[in-house]
file final_8.cif (mmCIF, C-alpha atoms and all ligand atoms)
data_entry
#
loop_
_atom_site.label_atom_id
_atom_site.label_comp_id
_atom_site.auth_asym_id
_atom_site.auth_seq_id
_atom_site.Cartn_x
_atom_site.Cartn_y
_atom_site.Cartn_z
CA MET A 6 149.96 61.42 80.05
CA PHE A 7 147.07 63.88 79.86
CA THR A 8 147.32 65.90 76.62
CA LEU A 9 144.87 68.57 77.57
CA GLY A 10 146.41 71.32 75.43
CA LYS A 11 146.18 69.55 72.05
CA GLN A 12 142.78 68.14 72.75
CA PHE A 13 141.50 71.59 73.53
CA THR A 14 142.99 73.22 70.49
CA ARG A 15 141.25 70.70 68.25
CA ARG A 16 137.94 70.97 70.09
CA ALA A 17 138.10 74.73 70.10
CA ALA A 18 138.70 74.72 66.35
CA VAL A 19 135.67 72.49 65.78
CA ALA A 20 133.55 74.71 68.01
CA VAL A 21 134.59 77.88 66.20
CA LEU A 22 133.96 76.23 62.83
CA SER A 23 130.46 75.03 63.75
CA ALA A 24 129.65 78.33 65.41
CA SER A 25 130.57 80.26 62.28
CA LEU A 26 128.48 77.88 60.18
CA VAL A 27 125.52 78.68 62.42
CA ALA A 28 126.33 82.38 62.20
CA GLY A 29 126.48 82.12 58.43
CA ALA A 30 123.12 80.37 58.30
CA LEU A 31 121.59 83.02 60.56
CA ALA A 32 123.03 85.79 58.38
CA GLY A 33 121.33 84.10 55.41
CA CYS A 34 118.03 84.41 57.25
CA GLY A 35 118.37 88.15 57.48
CA ASN A 36 120.22 88.40 60.80
CA SER A 37 123.11 90.85 61.04
CA ASP A 38 126.51 89.60 59.94
CA THR A 39 128.84 88.59 62.79
CA GLY A 40 131.91 89.36 60.70
CA GLY A 41 133.24 85.80 60.91
CA GLU A 42 133.20 85.80 64.73
CA PRO A 43 131.56 82.81 66.42
CA ALA A 44 127.90 83.48 67.13
CA ASP A 45 127.30 84.29 70.75
CA ASP A 46 123.77 83.58 71.87
CA GLY A 47 124.46 85.46 75.09
CA LYS A 48 123.93 82.31 77.17
CA ILE A 49 126.37 81.86 80.02
CA THR A 50 127.15 78.46 81.49
CA LEU A 51 128.60 78.33 85.00
CA GLY A 52 130.15 75.18 86.46
CA PHE A 53 129.96 75.28 90.26
CA SER A 54 131.64 72.80 92.59
CA GLN A 55 130.15 72.94 96.08
CA VAL A 56 131.93 71.66 99.22
CA GLY A 57 129.07 69.42 100.36
CA ALA A 58 125.95 69.62 102.50
CA GLU A 59 127.61 69.58 105.90
CA SER A 60 125.78 72.43 107.62
CA GLY A 61 122.80 74.78 107.64
CA TRP A 62 125.15 77.45 106.28
CA ARG A 63 126.00 75.25 103.30
CA THR A 64 122.35 74.50 102.51
CA ALA A 65 121.57 78.23 102.53
CA ASN A 66 124.60 78.90 100.33
CA THR A 67 123.57 76.24 97.80
CA ASN A 68 120.01 77.61 97.66
CA SER A 69 121.32 81.14 97.19
CA ILE A 70 123.51 80.07 94.27
CA LYS A 71 120.79 78.02 92.55
CA GLU A 72 118.15 80.75 92.94
CA ALA A 73 120.48 83.53 91.81
CA ALA A 74 121.58 81.57 88.72
CA ALA A 75 117.95 81.01 87.71
CA ALA A 76 117.10 84.67 88.29
CA ALA A 77 120.10 85.82 86.24
CA GLY A 78 119.35 83.43 83.36
CA ILE A 79 122.68 81.66 83.84
CA GLU A 80 122.80 77.94 83.11
CA LEU A 81 124.19 76.29 86.24
CA LYS A 82 126.00 72.97 86.33
CA PHE A 83 126.19 72.05 90.01
CA ASP A 84 128.22 69.36 91.77
CA ASP A 85 128.25 68.41 95.46
CA ALA A 86 131.74 67.16 96.40
CA GLN A 87 130.74 65.61 99.73
CA GLN A 88 133.59 67.35 101.55
CA LYS A 89 136.24 65.62 99.36
CA GLN A 90 138.91 67.55 97.47
CA GLU A 91 139.34 64.74 94.92
CA ASN A 92 135.65 65.07 93.99
CA GLN A 93 136.05 68.81 93.50
CA ILE A 94 139.07 68.33 91.26
CA LYS A 95 137.10 65.78 89.22
CA ALA A 96 134.14 68.17 88.89
CA ILE A 97 136.39 71.05 87.79
CA ARG A 98 138.08 68.85 85.17
CA ASN A 99 134.64 67.88 83.88
CA TYR A 100 133.64 71.54 83.60
CA ILE A 101 136.82 72.18 81.62
CA LEU A 102 135.97 69.32 79.24
CA GLN A 103 132.42 70.64 78.89
CA LYS A 104 133.87 74.07 78.04
CA VAL A 105 131.69 76.00 80.46
CA ASP A 106 132.09 79.79 80.29
CA VAL A 107 133.08 80.28 83.94
CA ILE A 108 134.00 77.93 86.79
CA ALA A 109 133.28 78.84 90.41
CA PHE A 110 133.97 76.74 93.47
CA SER A 111 134.24 76.79 97.22
CA PRO A 112 137.49 74.93 97.96
CA VAL A 113 137.05 72.42 100.80
CA VAL A 114 140.69 72.85 101.90
CA GLU A 115 143.21 75.62 101.17
CA SER A 116 146.08 73.65 99.62
CA GLY A 117 146.61 71.54 96.53
CA TRP A 118 144.75 73.44 93.81
CA ASP A 119 147.57 74.74 91.59
CA ASN A 120 147.46 71.98 88.95
CA VAL A 121 143.74 72.00 88.29
CA LEU A 122 143.63 75.81 88.36
CA LYS A 123 146.41 75.85 85.74
CA GLU A 124 144.41 73.44 83.60
CA ALA A 125 141.44 75.83 83.70
CA LYS A 126 143.65 78.79 82.89
CA ASP A 127 145.27 76.97 79.95
CA ALA A 128 141.79 76.16 78.63
CA GLY A 129 140.93 79.86 78.84
CA ILE A 130 138.17 79.36 81.43
CA PRO A 131 138.10 81.99 84.19
CA VAL A 132 137.74 80.76 87.78
CA ILE A 133 136.01 82.54 90.67
CA LEU A 134 136.58 81.41 94.27
CA THR A 135 133.53 81.72 96.49
CA ASP A 136 133.26 81.41 100.27
CA ARG A 137 136.68 79.78 100.91
CA SER A 138 140.05 80.67 99.45
CA VAL A 139 143.13 78.74 98.30
CA ASP A 140 146.77 79.25 99.33
CA SER A 141 148.14 79.31 95.74
CA ALA A 142 150.98 81.82 95.40
CA ASP A 143 150.02 82.57 91.80
CA LYS A 144 147.02 84.90 92.08
CA SER A 145 146.53 84.90 88.30
CA LEU A 146 145.06 81.38 88.64
CA TYR A 147 141.72 82.89 89.65
CA LYS A 148 139.86 86.12 88.93
CA THR A 149 138.61 86.95 92.39
CA PHE A 150 137.75 85.58 95.80
CA ILE A 151 134.34 86.53 97.17
CA GLY A 152 133.67 85.63 100.79
CA SER A 153 134.03 86.50 104.47
CA ASP A 154 137.00 87.53 106.55
CA PHE A 155 137.29 84.42 108.73
CA VAL A 156 140.15 85.78 110.85
CA LYS A 157 137.91 88.69 111.78
CA GLU A 158 135.08 86.35 112.75
CA GLY A 159 137.44 84.49 115.10
CA ARG A 160 138.76 87.76 116.48
CA LEU A 161 135.28 89.18 117.18
CA SER A 162 134.44 85.94 119.01
CA GLY A 163 137.58 86.18 121.14
CA GLU A 164 137.05 89.88 121.87
CA TRP A 165 133.54 89.18 123.11
CA LEU A 166 134.92 86.54 125.46
CA VAL A 167 137.67 88.79 126.81
CA ASN A 168 135.05 91.39 127.69
CA GLU A 169 132.63 88.82 129.12
CA MET A 170 135.35 87.41 131.39
CA LYS A 171 136.96 90.70 132.36
CA SER A 172 136.14 90.26 136.05
CA ALA A 173 136.95 86.53 136.19
CA THR A 174 139.57 85.86 138.84
CA GLY A 175 140.55 82.21 138.28
CA PRO A 176 141.40 80.33 135.11
CA VAL A 177 138.78 80.17 132.33
CA ASN A 178 138.92 76.81 130.55
CA ILE A 179 137.98 76.95 126.87
CA VAL A 180 137.35 74.02 124.51
CA GLU A 181 137.38 74.59 120.77
CA LEU A 182 135.48 72.70 118.07
CA GLN A 183 137.38 73.30 114.86
CA GLY A 184 135.90 73.18 111.36
CA THR A 185 137.14 70.85 108.63
CA THR A 186 140.89 70.28 108.99
CA GLY A 187 142.86 72.33 106.46
CA SER A 188 139.88 74.52 105.47
CA ALA A 189 140.31 78.28 105.35
CA PRO A 190 137.53 78.99 107.88
CA ALA A 191 138.98 76.49 110.39
CA ASN A 192 142.52 77.83 110.02
CA ASP A 193 141.51 81.49 110.13
CA ARG A 194 138.87 81.37 112.86
CA LYS A 195 141.29 79.51 115.12
CA LYS A 196 143.95 82.11 114.42
CA GLY A 197 141.71 85.16 114.98
CA PHE A 198 140.31 83.78 118.24
CA ALA A 199 143.75 82.85 119.61
CA GLU A 200 145.08 86.33 118.78
CA ALA A 201 142.16 88.05 120.51
CA ILE A 202 142.56 86.16 123.80
CA ALA A 203 146.39 86.04 123.76
CA ALA A 204 146.90 88.95 126.17
CA ASN A 205 144.76 87.24 128.84
CA PRO A 206 146.71 84.29 130.24
CA ASN A 207 143.78 83.16 132.41
CA LEU A 208 141.80 82.41 129.22
CA LYS A 209 143.17 79.02 128.22
CA ILE A 210 142.25 76.70 125.35
CA ILE A 211 142.52 73.33 127.10
CA ALA A 212 141.34 71.18 124.18
CA SER A 213 140.88 71.79 120.44
CA GLN A 214 139.70 69.24 117.86
CA THR A 215 137.87 69.09 114.57
CA GLY A 216 134.13 68.33 114.42
CA ASP A 217 134.19 68.71 110.62
CA PHE A 218 131.56 71.49 110.67
CA THR A 219 128.77 68.91 111.32
CA ARG A 220 126.27 68.44 114.16
CA ALA A 221 127.25 64.80 114.60
CA GLY A 222 130.93 65.77 114.75
CA GLY A 223 130.25 68.53 117.27
CA LYS A 224 128.29 66.18 119.51
CA ALA A 225 130.84 63.35 119.43
CA VAL A 226 133.85 65.58 120.11
CA MET A 227 132.06 67.52 122.86
CA GLU A 228 131.27 64.20 124.60
CA GLN A 229 135.00 63.41 124.62
CA PHE A 230 135.88 66.90 125.84
CA ILE A 231 133.44 66.56 128.76
CA LYS A 232 134.75 63.10 129.69
CA ALA A 233 138.37 64.23 129.64
CA ASN A 234 137.96 67.65 131.32
CA PRO A 235 136.07 68.05 134.58
CA LYS A 236 135.99 71.85 134.33
CA ILE A 237 134.91 73.44 131.03
CA ASP A 238 133.78 77.09 131.19
CA VAL A 239 133.53 78.03 127.52
CA LEU A 240 132.96 76.35 124.15
CA PHE A 241 134.14 78.10 121.01
CA ALA A 242 132.64 76.27 117.99
CA HIS A 243 133.72 77.26 114.48
CA ASN A 244 130.09 77.01 113.29
CA ASP A 245 126.51 76.86 114.59
CA ASP A 246 125.96 73.25 113.62
CA MET A 247 128.84 71.93 115.75
CA GLY A 248 127.58 74.11 118.61
CA LEU A 249 124.08 72.66 118.18
CA GLY A 250 125.48 69.11 118.27
CA ALA A 251 127.51 70.00 121.37
CA LEU A 252 124.32 71.22 123.11
CA GLU A 253 123.09 67.63 123.19
CA ALA A 254 126.33 66.39 124.77
CA ILE A 255 126.28 69.20 127.35
CA THR A 256 122.65 68.61 128.34
CA ALA A 257 123.19 64.83 128.49
CA ALA A 258 126.08 65.46 130.93
CA GLY A 259 123.68 67.33 133.21
CA LYS A 260 125.12 70.79 132.51
CA VAL A 261 123.20 73.89 131.45
CA PRO A 262 124.36 75.29 128.08
CA GLY A 263 124.75 79.06 128.08
CA LYS A 264 125.23 79.11 131.88
CA ASP A 265 127.53 76.32 133.11
CA ILE A 266 129.29 76.43 129.77
CA LYS A 267 129.18 79.66 127.74
CA ILE A 268 128.92 79.01 124.01
CA ILE A 269 130.28 81.11 121.16
CA THR A 270 129.66 80.07 117.55
CA ILE A 271 129.96 81.44 114.01
CA ASP A 272 127.45 81.63 111.10
CA ALA A 273 124.08 82.83 112.53
CA VAL A 274 121.81 80.43 110.65
CA LYS A 275 118.23 80.18 111.92
CA ASP A 276 118.76 77.22 114.28
CA GLY A 277 121.83 78.89 115.77
CA MET A 278 119.96 82.16 116.19
CA GLN A 279 117.11 80.29 117.92
CA ALA A 280 119.58 78.71 120.37
CA LEU A 281 121.03 82.17 121.01
CA ALA A 282 117.59 83.73 121.53
CA ASP A 283 116.81 80.86 123.96
CA GLY A 284 119.97 81.62 125.97
CA LYS A 285 121.65 78.29 125.10
CA PHE A 286 124.29 80.07 123.03
CA ASN A 287 125.80 83.35 124.27
CA PHE A 288 127.29 84.99 121.18
CA ILE A 289 127.41 84.45 117.40
CA ALA A 290 129.69 86.09 114.85
CA GLU A 291 127.79 86.21 111.57
CA CYS A 292 129.04 84.65 108.33
CA SER A 293 126.71 85.26 105.41
CA PRO A 294 125.99 82.37 103.01
CA LEU A 295 123.96 84.54 100.60
CA LEU A 296 126.68 84.84 97.98
CA GLY A 297 124.56 83.88 94.96
CA PRO A 298 123.45 87.27 93.56
CA GLN A 299 126.93 88.80 93.81
CA LEU A 300 128.49 85.70 92.28
CA MET A 301 126.18 85.83 89.24
CA ASP A 302 126.97 89.49 88.79
CA LEU A 303 130.70 88.68 88.79
CA VAL A 304 130.20 85.78 86.37
CA LYS A 305 128.56 88.17 83.90
CA LYS A 306 131.33 90.74 84.29
CA VAL A 307 134.08 88.15 83.86
CA LYS A 308 132.36 86.76 80.77
CA ALA A 309 132.13 90.30 79.34
CA GLY A 310 135.87 90.73 79.90
CA GLU A 311 135.48 93.43 82.57
CA THR A 312 138.09 93.72 85.28
CA ILE A 313 136.88 92.92 88.77
CA PRO A 314 138.55 93.38 92.17
CA GLN A 315 140.83 90.51 93.33
CA ARG A 316 139.04 90.30 96.68
CA ILE A 317 135.40 91.00 97.54
CA GLU A 318 134.56 90.85 101.22
CA THR A 319 131.14 89.94 102.57
CA GLU A 320 129.53 92.34 105.06
CA GLU A 321 128.52 90.84 108.37
CA THR A 322 127.73 91.59 112.00
CA THR A 323 127.58 89.89 115.43
CA PHE A 324 124.62 88.85 117.64
CA THR A 325 123.87 88.80 121.35
CA PRO A 326 120.74 86.96 122.61
CA GLU A 327 118.68 90.20 122.51
CA GLN A 328 119.81 90.99 118.98
CA ALA A 329 119.03 87.41 117.91
CA LYS A 330 115.49 87.72 119.29
CA ALA A 331 114.98 90.90 117.27
CA ALA A 332 116.47 89.45 114.06
CA LEU A 333 114.85 85.99 114.13
CA PRO A 334 111.43 86.84 112.67
CA ASN A 335 113.09 88.08 109.48
CA ARG A 336 115.82 85.45 109.26
CA LYS A 337 115.42 83.69 105.91
CA TYR A 338 117.83 80.80 106.47
O1 LIG B 1 130.92 78.57 108.48
C1 LIG B 1 130.27 76.35 107.94
C2 LIG B 1 130.30 75.62 106.66
O2 LIG B 1 132.96 77.91 104.57
C3 LIG B 1 132.10 79.75 105.72
O3 LIG B 1 131.45 76.12 106.01
C4 LIG B 1 131.92 78.34 105.35
C5 LIG B 1 131.74 77.39 106.51
C6 LIG B 1 130.59 77.71 107.45
O4 LIG B 1 130.25 74.28 106.77
O5 LIG B 1 129.03 76.22 108.59
#

call {"tool": "encode", "arguments": {"input": "final_8.cif", "output": "structure tokens"}}
result
Amino acid sequence: MFTLGKQFTRRAAVAVLSASLVAGALAGCGNSDTGGEPADDGKITLGFSQVGAESGWRTANTNSIKEAAAAAGIELKFDDAQQKQENQIKAIRNYILQKVDVIAFSPVVESGWDNVLKEAKDAGIPVILTDRSVDSADKSLYKTFIGSDFVKEGRLSGEWLVNEMKSATGPVNIVELQGTTGSAPANDRKKGFAEAIAANPNLKIIASQTGDFTRAGGKAVMEQFIKANPKIDVLFAHNDDMGLGALEAITAAGKVPGKDIKIITIDAVKDGMQALADGKFNFIAECSPLLGPQLMDLVKKVKAGETIPQRIETEETTFTPEQAKAALPNRKY
């Protein structure tokens, strides 16, 4: 049995005791008296559990977090969970044991977080969700969720397609490359897209499978889709990387991406934007990975005991090939 509570009480007591000894010593050296409160050197330690390194989006997100922490003077403990929930839970438990000031993480899947979030809450460590959310009913288990509206991204993708195909007479066969099974972006993008095309019965999703948000996954699944379905008109990929992997499968099958098969993706990382500017992709709904500066700001506010909104939504746009051409020279990631 894991006796977290007792262990923490004892450790906390030791920490307070040693902190007040330090404070006392400092007071003796002429520093102002802290009135018995533990000395606070103002340093903030953030424990961050990252999903993995599955995509260009994720690399940009990791860089943004590391750079922003350094710029804000926040000590960052960083762990890459390699797309495994068990690794994230382990990392979070370690951060609790290390008594970091704040924990932030991007949950690989939506479900199964209640226990570890309760452990953090019981230890008095605030948690911030970044990028992806959890389906916990108890919203007091975390301070805020900062990230995109994934349903909207799926909906914008579907709306573009409805307009693009408005004069199509026959059936339009769509294949879908889903993100990581059980992840918020995969669930929500699928939902938003399906809702947007629902009123057009000629737009039909004929196959839908996960490519795990990776290039290799996108390529392998697209190969199967092409083998099994002689007529594919549209690919909807839940991220750029899967779309980029699928490009290889499409070209190898002797088809022209962007023409024989129209391609819609989400993210708008540099390689995706290049494919769009080159006419290999047709449309991208943006999802911004640059969450670092806002996250550090929230960490400071949470540490200072300020109230913050329960939900902070990232601002984003969409891109056509022309817009991608214009944006590419300034694209940082
Ligand atoms: O779209 C994908 C990444 O959670 C929004 O994860 C993120 C998604 C992003 O692997 O490329």

call {"tool": "closest_residue", "arguments": {"input": "final_8.cif", "among": "A:Glu311, A:Glu320, A:Asp85, A:Asp272", "to": "ligand LIG 1 (chain B)", "atoms": "all atoms listed in the file"}}
result
A:Asp272

call {"tool": "residues_near_ligand", "arguments": {"input": "final_8.cif", "ligand": "ligand LIG 1 (chain B)", "cutoff": "10 Å", "atoms": "all atoms listed in the file", "output": "number ranges by chain"}}
result
A: 56-66, 88, 111-114, 135-138, 152-155, 158, 184-185, 188-191, 194, 217-220, 242-247, 270-274, 290-294

call {"tool": "residues_around", "arguments": {"input": "final_8.cif", "residues": "Ala199 (chain A)", "least_positions_apart": "2", "cutoff": "10 Å", "atoms": "all atoms listed in the file", "output": "list in words"}}
result
Val156, Gly159, Arg160, Ser162, Gly163, Glu164, Asp193, Arg194, Lys195, Lys196, Gly197, Ala201, Ile202, Ala203, Ala204, Leu208, Lys209 and Ile210 of chain A

call {"tool": "atom_distance", "arguments": {"input": "final_8.cif", "atom1": "CA of Thr215 (chain A)", "atom2": "CA of Glu181 (chain A)"}}
result
8.3 Å

call {"tool": "closest_residue", "arguments": {"input": "final_8.cif", "among": "A:Ala109, A:Val239, A:Ala280, A:Ile133", "to": "Gln315 (chain A)", "atoms": "only C-alpha atoms"}}
result
A:Ile133

call {"tool": "closest_residue", "arguments": {"input": "final_8.cif", "among": "A:Ala74, A:Ile269, A:Leu249, A:Ile97", "to": "Ile130 (chain A)", "atoms": "all atoms listed in the file"}}
result
A:Ile97

call {"tool": "residues_near_point", "arguments": {"input": "final_8.cif", "point": "(132.1, 94.8, 111.6)", "cutoff": "9 Å", "atoms": "all atoms listed in the file", "output": "count of residues only"}}
result
6

call {"tool": "residues_around", "arguments": {"input": "final_8.cif", "residues": "Pro326 (chain A)", "least_positions_apart": "6", "cutoff": "10 Å", "atoms": "all atoms listed in the file", "output": "list in words"}}
result
Met278, Gln279, Ala280, Leu281, Ala282, Asp283, Gly284, Lys285, Phe286, Asn287, Phe288, Ile289 and Ala332 of chain A

call {"tool": "atom_distance", "arguments": {"input": "final_8.cif", "atom1": "CA of Pro176 (chain A)", "atom2": "CA of Phe230 (chain A)"}}
result
17.2 Å

call {"tool": "atom_distance", "arguments": {"input": "final_8.cif", "atom1": "CA of Phe198 (chain A)", "atom2": "CA of Val167 (chain A)"}}
result
10.3 Å

call {"tool": "closest_residue", "arguments": {"input": "final_8.cif", "among": "A:Ile266, A:Ile49, A:Val121, A:Ile237", "to": "Gly78 (chain A)", "atoms": "only C-alpha atoms"}}
result
A:Ile49

call {"tool": "residues_around", "arguments": {"input": "final_8.cif", "residues": "Ser116 (chain A)", "least_positions_apart": "2", "cutoff": "7 Å", "atoms": "only C-alpha atoms", "output": "JSON, numbers by chain"}}
result
{"A": [114, 118, 139, 140]}

call {"tool": "closest_residue", "arguments": {"input": "final_8.cif", "among": "A:Val304, A:Ala331, A:Val177, A:Leu182", "to": "Asp265 (chain A)", "atoms": "only C-alpha atoms"}}
result
A:Val177

call {"tool": "closest_residue", "arguments": {"input": "final_8.cif", "among": "A:Pro262, A:Ile313, A:Ala212, A:Lys148", "to": "Ala233 (chain A)", "atoms": "all atoms listed in the file"}}
result
A:Ala212

call {"tool": "axis_aligned_box", "arguments": {"input": "final_8.cif", "around": "region 143-147 of chain A", "padding_each_side": "3 Å", "output": "JSON"}}
result
{"center_x": 145.9, "center_y": 83.1, "center_z": 90.2, "size_x": 14.3, "size_y": 9.5, "size_z": 9.8}

call {"tool": "build_atoms", "arguments": {"input": "final_8.cif", "residues": "region 249-266 of chain A", "atoms": "N, CA and C atoms", "output": "tab-separated table (two decimals), in the coordinates of the input"}}
result
chain	number	residue	atom	x	y	z
A	249	LEU	N	125.39	73.28	117.95
A	249	LEU	CA	124.08	72.66	118.18
A	249	LEU	C	124.25	71.18	118.55
A	250	GLY	N	125.18	70.51	117.91
A	250	GLY	CA	125.48	69.11	118.27
A	250	GLY	C	126.02	69.04	119.69
A	251	ALA	N	126.90	69.98	120.04
A	251	ALA	CA	127.51	70.00	121.37
A	251	ALA	C	126.46	70.22	122.46
A	252	LEU	N	125.40	70.97	122.13
A	252	LEU	CA	124.32	71.22	123.11
A	252	LEU	C	123.79	69.90	123.66
A	253	GLU	N	123.63	68.93	122.76
A	253	GLU	CA	123.09	67.63	123.19
A	253	GLU	C	124.03	66.96	124.18
A	254	ALA	N	125.34	67.02	123.88
A	254	ALA	CA	126.33	66.39	124.77
A	254	ALA	C	126.35	67.09	126.13
A	255	ILE	N	126.22	68.41	126.11
A	255	ILE	CA	126.28	69.20	127.35
A	255	ILE	C	125.06	68.89	128.22
A	256	THR	N	123.89	68.89	127.58
A	256	THR	CA	122.65	68.61	128.34
A	256	THR	C	122.68	67.18	128.88
A	257	ALA	N	123.14	66.22	128.05
A	257	ALA	CA	123.19	64.83	128.49
A	257	ALA	C	124.13	64.66	129.69
A	258	ALA	N	125.12	65.54	129.80
A	258	ALA	CA	126.08	65.46	130.93
A	258	ALA	C	125.54	66.20	132.16
A	259	GLY	N	124.31	66.68	132.06
A	259	GLY	CA	123.68	67.33	133.21
A	259	GLY	C	124.12	68.77	133.41
A	260	LYS	N	124.70	69.38	132.40
A	260	LYS	CA	125.12	70.79	132.51
A	260	LYS	C	124.15	71.68	131.73
A	261	VAL	N	124.12	72.95	132.10
A	261	VAL	CA	123.20	73.89	131.45
A	261	VAL	C	123.97	74.72	130.42
A	262	PRO	N	123.65	74.51	129.11
A	262	PRO	CA	124.36	75.29	128.08
A	262	PRO	C	124.01	76.77	128.19
A	263	GLY	N	124.99	77.62	127.99
A	263	GLY	CA	124.75	79.06	128.08
A	263	GLY	C	125.00	79.60	129.48
A	264	LYS	N	124.98	78.68	130.48
A	264	LYS	CA	125.23	79.11	131.88
A	264	LYS	C	126.46	78.40	132.43
A	265	ASP	N	126.36	77.06	132.61
A	265	ASP	CA	127.53	76.32	133.11
A	265	ASP	C	128.67	76.41	132.09
A	266	ILE	N	128.30	76.29	130.86
A	266	ILE	CA	129.29	76.43	129.77
A	266	ILE	C	128.78	77.51	128.81
